[in-house]
$ cat work-v3.txt   # compact mmCIF, C-alpha atoms
# COMPACT_ATOMS: atom_id res chain seq x y z
CA MET A 681 97.63 -6.27 -271.47
CA ARG A 682 101.42 -5.91 -271.40
CA SER A 683 101.55 -4.00 -274.68
CA GLN A 684 98.86 -1.66 -273.38
CA ILE A 685 100.92 -0.90 -270.25
CA ASP A 686 104.03 -0.25 -272.35
CA SER A 687 102.03 2.07 -274.60
CA GLU A 688 100.69 4.00 -271.60
CA ILE A 689 104.20 4.39 -270.18
CA LYS A 690 105.53 5.75 -273.48
CA GLN A 691 102.58 8.11 -273.90
CA LEU A 692 102.89 9.54 -270.38
CA ILE A 693 106.62 10.16 -270.86
CA SER A 694 105.89 11.96 -274.13
CA GLN A 695 103.29 14.14 -272.42
CA SER A 696 105.70 14.93 -269.57
CA ARG A 697 108.77 15.91 -271.63
CA ASN A 698 108.62 19.60 -270.73
CA ASP A 699 108.20 18.82 -267.02
CA ILE A 700 111.11 16.37 -267.11
CA LEU A 701 113.36 18.93 -268.78
CA ALA A 702 112.23 21.60 -266.33
CA LEU A 703 113.28 19.40 -263.41
CA LEU A 704 116.67 18.73 -264.98
CA ARG A 705 117.19 22.45 -265.56
CA THR A 706 116.34 23.24 -261.93
CA MET A 707 118.81 20.62 -260.73
CA VAL A 708 121.66 21.71 -263.00
CA GLU A 709 121.19 25.35 -262.05
CA CYS A 710 121.58 24.39 -258.38
CA ASN A 711 125.27 24.45 -257.46
CA SER A 712 125.81 21.24 -255.48
CA PHE A 713 129.60 21.03 -255.36
CA SER A 714 130.32 18.39 -252.72
CA HIS A 715 131.50 20.85 -250.07
CA ASN A 716 128.62 23.27 -250.71
CA LYS A 717 126.25 22.23 -247.92
CA ALA A 718 123.63 24.83 -248.77
CA GLY A 719 123.60 23.74 -252.41
CA ASN A 720 123.28 20.07 -251.55
CA ASP A 721 120.52 20.74 -249.05
CA ARG A 722 118.71 22.72 -251.76
CA MET A 723 119.07 19.75 -254.12
CA GLN A 724 117.42 17.58 -251.49
CA GLU A 725 114.54 20.04 -251.33
CA ILE A 726 114.17 19.85 -255.12
CA VAL A 727 114.03 16.06 -254.94
CA GLN A 728 111.52 16.16 -252.09
CA GLU A 729 109.25 18.48 -254.08
CA GLN A 730 109.21 15.95 -256.95
CA MET A 731 108.89 12.63 -255.15
CA PRO A 732 105.50 10.88 -255.61
CA GLU A 733 102.98 10.87 -252.79
CA GLY A 734 102.97 8.05 -250.28
CA TYR A 735 106.70 7.99 -249.47
CA SER A 736 107.85 8.50 -245.90
CA LEU A 737 111.07 10.48 -245.40
CA LYS A 738 113.92 10.18 -242.93
CA VAL A 739 116.55 12.92 -242.94
CA HIS A 740 120.06 12.04 -241.76
CA LYS A 741 121.53 15.35 -240.62
CA ASN A 742 125.09 16.26 -241.49
CA GLU A 743 126.81 19.25 -239.91
CA ASN A 744 129.49 19.88 -242.53
CA LEU A 745 128.14 18.34 -245.74
CA GLY A 746 124.61 18.14 -247.11
CA ASP A 747 121.97 16.12 -245.27
CA ASN A 748 121.22 12.61 -246.59
CA TYR A 749 117.61 11.72 -247.40
CA VAL A 750 116.04 8.24 -247.36
CA TYR A 751 112.50 7.68 -248.67
CA ALA A 752 110.41 4.55 -248.17
CA TYR A 753 107.22 3.29 -249.77
CA SER A 754 105.73 0.23 -248.11
CA GLY A 755 103.57 -1.98 -250.28
CA LYS A 756 102.79 -5.62 -249.60
CA ALA A 757 106.24 -6.75 -250.73
CA THR A 758 108.57 -7.37 -247.80
CA GLN A 759 111.73 -6.65 -249.80
CA PRO A 760 111.94 -3.13 -251.23
CA VAL A 761 113.64 -2.29 -254.50
CA VAL A 762 116.38 0.18 -253.55
CA LEU A 763 116.92 3.10 -255.96
CA HIS A 764 119.80 5.41 -255.15
CA GLY A 765 121.79 8.35 -256.45
CA HIS A 766 123.99 11.20 -255.25
CA VAL A 767 123.08 14.87 -255.46
CA ASP A 768 126.63 16.22 -255.08
CA THR A 769 128.95 17.03 -257.98
CA LEU A 770 132.63 17.77 -258.54
CA CYS A 771 131.93 20.71 -260.83
CA PRO A 772 133.47 24.15 -260.26
CA GLU A 773 131.96 26.26 -257.49
CA ASP A 774 131.46 29.22 -259.86
CA PRO A 775 127.70 29.99 -259.83
CA GLU A 776 127.88 31.29 -263.42
CA PHE A 777 128.96 27.82 -264.50
CA CYS A 778 125.62 26.32 -263.42
CA THR A 779 123.74 26.72 -266.67
CA ILE A 780 122.18 24.20 -269.03
CA TYR A 781 121.79 24.51 -272.79
CA GLU A 782 121.00 22.28 -275.76
CA ARG A 783 123.11 21.92 -278.89
CA GLU A 784 122.91 19.28 -281.62
CA ASN A 785 120.49 17.08 -279.64
CA LYS A 786 122.70 17.16 -276.57
CA LEU A 787 122.10 18.82 -273.21
CA TYR A 788 125.18 20.46 -271.66
CA GLY A 789 125.68 21.53 -268.07
CA PRO A 790 127.54 20.77 -264.81
CA GLY A 791 126.41 17.47 -263.33
CA VAL A 792 123.96 16.81 -266.16
CA ASN A 793 125.66 13.46 -266.79
CA ASP A 794 127.04 12.75 -263.32
CA MET A 795 124.40 12.47 -262.18
CA LYS A 796 121.49 14.88 -262.27
CA GLY A 797 120.15 13.34 -265.45
CA GLY A 798 120.08 10.01 -263.60
CA LEU A 799 118.20 11.58 -260.69
CA CYS A 800 115.53 12.68 -263.17
CA VAL A 801 115.30 9.11 -264.46
CA LEU A 802 114.91 7.77 -260.93
CA ILE A 803 112.24 10.26 -259.88
CA TRP A 804 110.20 10.16 -263.07
CA SER A 805 110.19 6.36 -263.26
CA LEU A 806 108.54 6.32 -259.83
CA LYS A 807 106.16 9.14 -260.78
CA ILE A 808 104.98 7.20 -263.82
CA LEU A 809 104.47 4.02 -261.79
CA LYS A 810 102.38 6.05 -259.36
CA GLU A 811 100.42 7.88 -262.06
CA LEU A 812 99.52 4.66 -263.89
CA ASP A 813 98.95 2.74 -260.63
CA LEU A 814 101.36 -0.03 -261.68
CA PHE A 815 102.19 -2.62 -259.04
CA PRO A 816 101.12 -0.60 -255.96
CA GLU A 817 102.00 -3.65 -253.86
CA MET A 818 105.73 -3.14 -254.59
CA SER A 819 107.92 -1.61 -251.89
CA PHE A 820 110.66 0.94 -252.56
CA MET A 821 113.52 2.61 -250.74
CA CYS A 822 115.22 5.66 -252.27
CA ILE A 823 118.57 6.90 -250.96
CA PHE A 824 119.87 10.34 -251.98
CA ASN A 825 123.31 11.08 -250.54
CA THR A 826 125.51 14.16 -250.66
CA ASP A 827 129.07 12.85 -250.31
CA GLU A 828 129.42 10.17 -253.00
CA GLU A 829 132.03 12.14 -254.91
CA LEU A 830 134.06 12.33 -251.68
CA GLY A 831 133.92 8.57 -251.12
CA SER A 832 130.62 8.38 -249.17
CA SER A 833 132.58 8.63 -245.92
CA VAL A 834 129.40 9.59 -244.03
CA SER A 835 126.62 8.01 -246.09
CA LYS A 836 128.21 4.59 -246.66
CA ASP A 837 126.42 3.18 -243.62
CA LEU A 838 123.09 3.81 -245.39
CA PHE A 839 124.13 1.14 -247.91
CA ARG A 840 126.20 -1.28 -245.86
CA TYR A 841 123.27 -2.54 -243.82
CA LEU A 842 121.45 -3.78 -246.95
CA ASN A 843 121.33 -7.53 -247.55
CA ARG A 844 119.29 -10.17 -249.33
CA GLU A 845 116.77 -10.20 -246.49
CA ASN A 846 115.89 -6.50 -246.45
CA ALA A 847 116.37 -5.51 -250.12
CA LYS A 848 115.30 -7.14 -253.36
CA CYS A 849 117.93 -5.35 -255.45
CA GLY A 850 119.79 -2.05 -255.74
CA LEU A 851 119.53 0.20 -258.80
CA LYS A 852 121.98 3.09 -259.23
CA PHE A 853 121.45 5.92 -261.70
CA GLU A 854 124.93 6.98 -262.74
CA CYS A 855 125.25 7.82 -266.44
CA GLY A 856 125.41 5.20 -269.17
CA GLU A 857 128.09 5.33 -271.85
CA LEU A 858 127.22 6.34 -275.42
CA GLU A 859 127.10 2.69 -276.53
CA ASN A 860 123.94 2.27 -274.39
CA THR A 861 125.70 0.57 -271.50
CA VAL A 862 124.56 -0.66 -268.11
CA VAL A 863 127.19 -1.27 -265.42
CA THR A 864 127.50 -4.71 -263.80
CA THR A 865 131.06 -4.60 -262.42
CA ARG A 866 133.25 -1.96 -260.79
CA LYS A 867 136.78 -1.77 -259.47
CA GLY A 868 137.43 -1.45 -255.78
CA ILE A 869 139.32 1.56 -254.47
CA SER A 870 141.39 2.70 -251.54
CA ARG A 871 142.23 6.42 -251.31
CA TYR A 872 144.88 7.97 -249.05
CA ARG A 873 146.58 11.12 -247.86
CA LEU A 874 150.26 10.99 -246.94
CA ASP A 875 151.69 13.77 -244.76
CA ILE A 876 155.45 14.11 -244.50
CA ALA A 877 157.42 16.13 -241.94
CA GLY A 878 160.99 17.20 -242.61
CA ARG A 879 163.28 19.77 -240.92
CA ASP A 880 163.10 23.39 -242.09
CA ALA A 881 166.26 25.33 -242.76
CA HIS A 882 167.63 28.17 -244.90
CA PHE A 883 169.14 26.24 -247.79
CA GLY A 884 171.87 28.80 -248.50
CA ASN A 885 173.18 28.66 -244.92
CA LEU A 886 172.68 24.91 -244.41
CA LYS A 887 175.70 23.32 -242.69
CA GLU A 888 174.16 19.91 -241.99
CA ARG A 889 172.46 17.15 -243.90
CA LYS A 890 169.26 18.28 -245.62
CA VAL A 891 166.03 16.71 -244.29
CA SER A 892 163.56 17.71 -246.97
CA ALA A 893 159.92 16.65 -246.90
CA ILE A 894 159.76 17.28 -250.66
CA ASP A 895 162.71 14.98 -251.25
CA GLU A 896 160.84 12.27 -249.37
CA LEU A 897 157.65 13.09 -251.26
CA GLY A 898 159.46 12.45 -254.54
CA HIS A 899 160.42 8.95 -253.40
CA GLN A 900 156.87 8.16 -252.37
CA ILE A 901 155.33 9.52 -255.59
CA ARG A 902 157.58 7.18 -257.54
CA PHE A 903 156.68 4.26 -255.25
CA ILE A 904 152.94 4.75 -255.81
CA GLU A 905 153.20 5.33 -259.56
CA ASP A 906 155.43 2.27 -259.95
CA LEU A 907 152.51 0.14 -258.73
CA ASN A 908 151.12 0.58 -262.25
CA LYS A 909 153.81 -1.80 -263.52
CA ASN A 910 151.49 -4.54 -262.27
CA PRO A 911 148.70 -4.71 -264.91
CA ASP A 912 146.21 -5.72 -262.21
CA ILE A 913 146.73 -2.47 -260.26
CA ALA A 914 145.80 1.09 -261.22
CA ALA A 915 147.46 3.77 -259.07
CA ASN A 916 147.44 7.54 -259.27
CA VAL A 917 148.95 10.41 -257.30
CA GLY A 918 146.41 13.14 -257.97
CA LYS A 919 147.32 15.96 -255.59
CA VAL A 920 150.61 17.17 -254.08
CA SER A 921 151.65 20.13 -251.96
CA GLY A 922 154.63 21.31 -249.96
CA GLY A 923 157.41 23.78 -249.47
CA LEU A 924 157.52 27.56 -249.20
CA ALA A 925 160.35 28.88 -251.37
CA ALA A 926 163.24 27.69 -253.54
CA ASN A 927 165.84 28.69 -250.93
CA LYS A 928 164.10 26.95 -248.02
CA VAL A 929 164.29 23.26 -247.12
CA ALA A 930 160.71 21.98 -247.09
CA GLU A 931 159.46 21.31 -243.59
CA SER A 932 156.27 19.63 -244.78
CA ALA A 933 154.76 18.04 -247.88
CA SER A 934 151.76 15.90 -248.68
CA MET A 935 150.07 13.95 -251.43
CA GLU A 936 146.72 12.31 -252.05
CA PHE A 937 146.59 9.12 -254.07
CA GLU A 938 144.45 6.11 -254.79
CA VAL A 939 144.70 2.53 -255.99
CA ARG A 940 142.02 0.57 -257.86
CA CYS A 941 141.73 -3.15 -258.60
CA TRP A 942 139.15 -5.50 -260.12
CA GLU A 943 139.90 -8.41 -257.79
CA PRO A 944 139.26 -8.23 -254.01
CA GLU A 945 142.39 -10.24 -253.22
CA THR A 946 144.60 -7.96 -255.34
CA LEU A 947 143.22 -4.84 -253.70
CA GLN A 948 143.73 -6.23 -250.20
CA THR A 949 147.30 -7.30 -250.96
CA THR A 950 148.07 -3.89 -252.45
CA ILE A 951 146.61 -2.10 -249.43
CA GLU A 952 148.76 -4.16 -247.08
CA HIS A 953 151.85 -3.45 -249.19
CA ILE A 954 151.21 0.31 -249.22
CA GLU A 955 150.43 0.60 -245.53
CA LYS A 956 153.54 -1.36 -244.62
CA SER A 957 155.89 0.43 -247.04
CA LEU A 958 154.80 3.96 -246.13
CA LYS A 959 155.92 3.54 -242.55
CA SER A 960 159.62 3.70 -243.48
CA PRO A 961 160.98 6.97 -244.97
CA ASN A 962 163.84 7.04 -247.48
CA VAL A 963 165.21 10.36 -246.21
CA ALA A 964 166.71 10.00 -242.76
CA GLY A 965 165.05 12.37 -240.29
CA CYS A 966 161.71 12.57 -242.11
CA THR A 967 158.54 11.15 -240.61
CA MET A 968 155.35 10.10 -242.39
CA ASN A 969 151.70 9.75 -241.48
CA LEU A 970 149.32 7.82 -243.75
CA THR A 971 145.54 8.36 -243.53
CA ARG A 972 142.99 6.34 -245.47
CA LEU A 973 140.37 8.75 -246.81
CA SER A 974 137.93 6.29 -248.34
CA TYR A 975 137.48 2.70 -249.39
CA ARG A 976 135.04 0.71 -251.52
CA PRO A 977 135.32 -3.04 -252.17
CA PRO A 978 135.34 -4.37 -255.74
CA TRP A 979 131.94 -5.26 -257.18
CA LYS A 980 131.70 -8.57 -259.01
CA PRO A 981 128.19 -9.73 -260.02
CA ASP A 982 126.69 -12.80 -258.36
CA PRO A 983 124.05 -15.05 -260.06
CA ALA A 984 121.19 -12.84 -258.85
CA SER A 985 122.86 -9.75 -260.33
CA ARG A 986 123.35 -11.65 -263.59
CA LYS A 987 119.63 -12.38 -263.60
CA LEU A 988 118.92 -8.70 -262.99
CA PHE A 989 121.09 -7.73 -265.97
CA LYS A 990 119.36 -10.29 -268.16
CA LEU A 991 116.03 -8.77 -267.17
CA ILE A 992 117.03 -5.25 -268.23
CA ARG A 993 118.59 -6.54 -271.44
CA GLU A 994 115.32 -8.26 -272.33
CA THR A 995 113.40 -5.10 -271.40
CA ALA A 996 115.56 -3.06 -273.76
CA GLU A 997 115.05 -5.61 -276.54
CA ASP A 998 111.30 -5.17 -276.13
CA MET A 999 111.92 -1.47 -276.84
CA GLY A 1000 114.03 -2.26 -279.91
CA GLN A 1001 117.29 -1.39 -278.14
CA ARG A 1002 120.47 -3.31 -277.42
CA ILE A 1003 121.98 -2.95 -273.95
CA VAL A 1004 125.76 -3.33 -273.65
CA GLU A 1005 127.24 -4.67 -270.42
CA GLU A 1006 129.96 -2.45 -269.00
CA LYS A 1007 132.75 -3.09 -266.50
CA ARG A 1008 133.59 0.37 -265.18
CA GLY A 1009 136.82 1.39 -263.47
CA GLY A 1010 135.16 4.18 -261.51
CA MET A 1011 133.60 3.36 -258.16
CA SER A 1012 130.13 4.14 -256.84
CA ASP A 1013 127.84 3.26 -253.96
CA SER A 1014 126.84 0.17 -255.94
CA ASN A 1015 130.11 -1.29 -254.64
CA TRP A 1016 128.65 -1.13 -251.12
CA VAL A 1017 125.27 -2.49 -252.21
CA ALA A 1018 126.76 -5.46 -254.06
CA SER A 1019 129.25 -6.25 -251.27
CA SER A 1020 126.30 -6.61 -248.89
CA GLY A 1021 124.96 -9.45 -251.03
CA THR A 1022 122.21 -7.41 -252.69
CA PRO A 1023 121.78 -7.85 -256.49
CA ALA A 1024 122.86 -4.63 -258.16
CA LEU A 1025 122.81 -2.69 -261.42
CA ASP A 1026 124.34 0.70 -262.17
CA GLY A 1027 124.62 3.11 -265.07
CA LEU A 1028 120.83 3.47 -265.47
CA GLY A 1029 121.00 7.21 -266.15
CA PRO A 1030 120.98 8.84 -269.59
CA LEU A 1031 123.87 8.42 -272.02
CA GLY A 1032 126.62 11.01 -272.03
CA GLN A 1033 130.25 11.99 -271.44
CA GLY A 1034 132.53 14.72 -270.11
CA ASP A 1035 132.01 14.38 -266.35
CA PHE A 1036 133.58 17.19 -264.28
CA THR A 1037 134.31 19.34 -267.35
CA ARG A 1038 132.69 22.31 -269.08
CA ASN A 1039 131.75 19.98 -271.92
CA GLU A 1040 129.68 17.56 -269.82
CA PHE A 1041 126.60 16.43 -271.75
CA ILE A 1042 123.87 13.85 -272.22
CA ILE A 1043 122.07 12.75 -275.36
CA THR A 1044 118.70 14.47 -274.94
CA GLN A 1045 116.56 11.59 -276.20
CA SER A 1046 118.37 9.12 -273.94
CA LEU A 1047 116.89 10.89 -270.91
CA PHE A 1048 113.39 9.86 -271.99
CA ASP A 1049 114.49 6.44 -273.26
CA ARG A 1050 116.04 5.60 -269.90
CA ILE A 1051 112.91 6.67 -268.03
CA GLU A 1052 110.92 4.28 -270.19
CA LEU A 1053 113.50 1.52 -269.78
CA VAL A 1054 113.62 1.80 -265.98
CA THR A 1055 109.85 2.08 -265.63
CA ARG A 1056 109.39 -1.09 -267.68
CA LEU A 1057 112.12 -2.79 -265.66
CA LEU A 1058 110.36 -1.93 -262.41
CA VAL A 1059 107.12 -3.38 -263.79
CA LYS A 1060 108.96 -6.62 -264.63
CA LEU A 1061 110.58 -6.71 -261.21
CA GLY A 1062 107.11 -6.79 -259.71
CA ASN A 1063 106.66 -10.24 -261.25
CA THR A 1064 110.24 -11.58 -260.97
CA GLU A 1065 112.13 -13.36 -258.22
CA LEU A 1066 115.88 -12.80 -258.38
CA SER A 1067 116.98 -15.43 -255.87

$ encode --input "work-v3.txt" --output "C-alpha cells"
Amino acid sequence: MRSQIDSEIKQLISQSRNDILALLRTMVECNSFSHNKAGNDRMQEIVQEQMPEGYSLKVHKNENLGDNYVYAYSGKATQPVVLHGHVDTLCPEDPEFCTIYERENKLYGPGVNDMKGGLCVLIWSLKILKELDLFPEMSFMCIFNTDEELGSSVSKDLFRYLNRENAKCGLKFECGELENTVVTTRKGISRYRLDIAGRDAHFGNLKERKVSAIDELGHQIRFIEDLNKNPDIAANVGKVSGGLAANKVAESASMEFEVRCWEPETLQTTIEHIEKSLKSPNVAGCTMNLTRLSYRPPWKPDPASRKLFKLIRETAEDMGQRIVEEKRGGMSDSNWVASSGTPALDGLGPLGQGDFTRNEFIITQSLFDRIELVTRLLVKLGNTELS
C-alpha cells in the first residue's frame, strides 16, 4: 500500500510539472520587495488562487507593508501541522529585474531561491495531498507573511503563540543548500540602529572643540566590529550615513548593525554589553540613541525536533537520497516557532544559491524532488507522534 501511495505521488508531480513551473514563474515575475505593499498583496492573491479547497482564511491587515495571510484546514487531528513561508524578498525594486529563465538545468530569477521556490513546494505538497485524498483527518495551518526579510516585526506574533498544545510541528520552506540540506539549527540575532547627534559648524571657521557625529560614529563602528574577536559572536555594521560636506562638522550620523550567536546565553550577554556601552559617547558633546529593530532567539533542536529530522532523513532515504543536516547562521521565523516549544524543521525548499543577487538560482529538478519529499513527509507525519 505504501509503495502504491509513493508511486501515485511521484506520478502526479510528473503530470503537474508545467503547472508547477507556471506558478513559480508567476511568483518570480511579481515584484515583492519587502517595502512594496502592492507587490506583496499581489503575491498573497497568487497564493490564495493556488491553495487547495477546504482551507479557511484569515487576513491580518497591515497599513504600510503587505497583509499577512493565515490559512487553516481542520481535520480530526487537534494539533495542526504548521507550514509557513514569506512572500517578501530583498531583490531590487526594478520591475525589469523580475524575470525567470532556465540555463544548464537551473532556474534563475529574483526570489526564486529565497523563497518563492519554497512557496511552490509548500502549496503543491498540500495540493497533492488533497488530490490523492491522503490523510484527510490531518489538520494544517499555513502562515504567509510579508515582513520576514525585515525581521518579522509585525508578523512575529503569528508564530509566538504556537506551542506544543496547539501545533504538532512547524515546517519552513526556505531554500536548501546544494548538498541537499535541511536546517535544524539557527543563530539568534539582534539588529539595531544607532543615531548620533553632534554639533554642526563650518570647519574652516571653527574656533572651538569639534563635536563631530561622524567622529563618534567611527568609534562605535570599531566597537561593534571588535565584537568579532570573540569567536562565539558574529557582528556586522551593514549601513552607515552622516555628514553633508567635507568642510562641515557633521551634526548627525547613524549606522545599522546586527549581532548573531548560536547560544542563547551568549546572545543575551552580548545584547546587555551593547546596550550598556552605547549609552556613553567617546566624543564629548555628542549624544546617542540606540533602537532595537528586530530580534530572534537562537534555535537549538529539542528531542522532538530531532525526531522530526530523523523522519525526513528516513523519507529521503526511501527516495534514494541523502539528507544533510545544516546549522545555518541566517535567521528565519523558525527561530520563533522553535522558541515556543514547537518541533521545527527549515530549509525544505528547493536547492540553490545566490540569494539577493542577479545570479540567484535553484536546481530545476530539486523543485520537484522537494515537493515529493515534503508530501511523503506529511504522509508519515499523519502516522507519527513527535512527543

$ closest_residue --input "work-v3.txt" --among "A:Glu905, A:Asp1026, A:Glu997, A:Glu784" --to "Ser985 (chain A)" --atoms "all atoms listed in the file"
A:Asp1026

$ closest_residue --input "work-v3.txt" --among "A:Arg1038, A:Arg976, A:Lys928, A:Lys1007" --to "Ser832 (chain A)" --atoms "all atoms listed in the file"
A:Arg976

$ residues_around --input "work-v3.txt" --residues "region 836-841 of chain A" --least-positions-apart "6" --cutoff "9 Å" --atoms "only C-alpha atoms" --output "list in words"
Val750, Ile823, Asn825, Glu828, Asp1013, Ser1014, Trp1016, Val1017, Ser1019 and Ser1020 of chain A

$ closest_residue --input "work-v3.txt" --among "A:Gly831, A:His899, A:Ala984, A:Ser957" --to "Gly1010 (chain A)" --atoms "only C-alpha atoms"
A:Gly831

$ residues_around --input "work-v3.txt" --residues "Val963 (chain A)" --least-positions-apart "3" --cutoff "8 Å" --atoms "all atoms listed in the file" --output "ChimeraX atom specification"
/A:891-892,895-896,966

$ closest_atom_pairs --input "work-v3.txt" --of "region 1025-1057 of chain A" --to "region 806-815 of chain A" --cutoff "10 Å" --atoms "all atoms listed in the file" --output "Markdown table"
| residue | atom | partner | partner_atom | distance |
| --- | --- | --- | --- | --- |
| A:Ile1051 | CA | A:Ile808 | CA | 9.0 |
| A:Glu1052 | CA | A:Ile808 | CA | 9.2 |
| A:Val1054 | CA | A:Leu806 | CA | 9.2 |
| A:Thr1055 | CA | A:Leu809 | CA | 6.9 |
| A:Arg1056 | CA | A:Leu809 | CA | 9.2 |

$ atom_distance --input "work-v3.txt" --atom1 "CA of Val863 (chain A)" --atom2 "CA of Asp747 (chain A)"
27.1 Å

$ atom_distance --input "work-v3.txt" --atom1 "CA of Cys849 (chain A)" --atom2 "CA of Lys1060 (chain A)"
12.9 Å

$ closest_residue --input "work-v3.txt" --among "A:Gly746, A:Gly918, A:Pro944, A:Pro1023" --to "Glu1065 (chain A)" --atoms "all atoms listed in the file"
A:Pro1023

$ decode --input "work-v3.txt" --residues "region 729-772 of chain A" --atoms "C-alpha atoms" --output "compact mmCIF listing (two decimals), in the first residue's frame"
# COMPACT_ATOMS: atom_id res chain seq x y z
CA GLU A 729 -5.62 31.33 -6.04
CA GLN A 730 -3.48 28.19 -5.67
CA MET A 731 -4.38 26.95 -2.20
CA PRO A 732 -6.43 23.70 -2.13
CA GLU A 733 -10.12 23.81 -1.35
CA GLY A 734 -11.31 23.45 2.22
CA TYR A 735 -8.96 25.97 3.86
CA SER A 736 -10.40 28.89 5.78
CA LEU A 737 -8.54 32.21 5.51
CA LYS A 738 -7.87 34.99 7.99
CA VAL A 739 -6.25 38.17 6.66
CA HIS A 740 -4.18 40.27 9.07
CA LYS A 741 -4.25 43.76 7.59
CA ASN A 742 -1.11 45.86 7.50
CA GLU A 743 -1.23 49.54 6.58
CA ASN A 744 2.38 50.01 5.47
CA LEU A 745 3.59 46.54 4.48
CA GLY A 746 1.78 43.66 2.80
CA ASP A 747 -1.10 41.93 4.57
CA ASN A 748 -0.34 38.62 6.33
CA TYR A 749 -2.46 35.58 5.46
CA VAL A 750 -3.18 32.58 7.70
CA TYR A 751 -4.99 29.51 6.33
CA ALA A 752 -6.45 26.67 8.39
CA TYR A 753 -7.70 23.21 7.50
CA SER A 754 -9.44 21.39 10.33
CA GLY A 755 -9.41 17.62 10.18
CA LYS A 756 -9.91 15.32 13.14
CA ALA A 757 -6.40 15.96 14.45
CA THR A 758 -6.37 18.50 17.27
CA GLN A 759 -2.80 19.64 16.58
CA PRO A 760 -2.24 21.14 13.12
CA VAL A 761 0.98 20.82 11.19
CA VAL A 762 2.13 24.42 10.64
CA LEU A 763 3.63 25.20 7.22
CA HIS A 764 5.00 28.70 6.76
CA GLY A 765 6.91 30.92 4.38
CA HIS A 766 7.42 34.58 3.50
CA VAL A 767 6.33 36.20 0.26
CA ASP A 768 8.62 39.25 0.52
CA THR A 769 12.10 39.48 -1.00
CA LEU A 770 15.16 41.71 -0.75
CA CYS A 771 15.63 41.87 -4.51
CA PRO A 772 15.96 45.17 -6.38
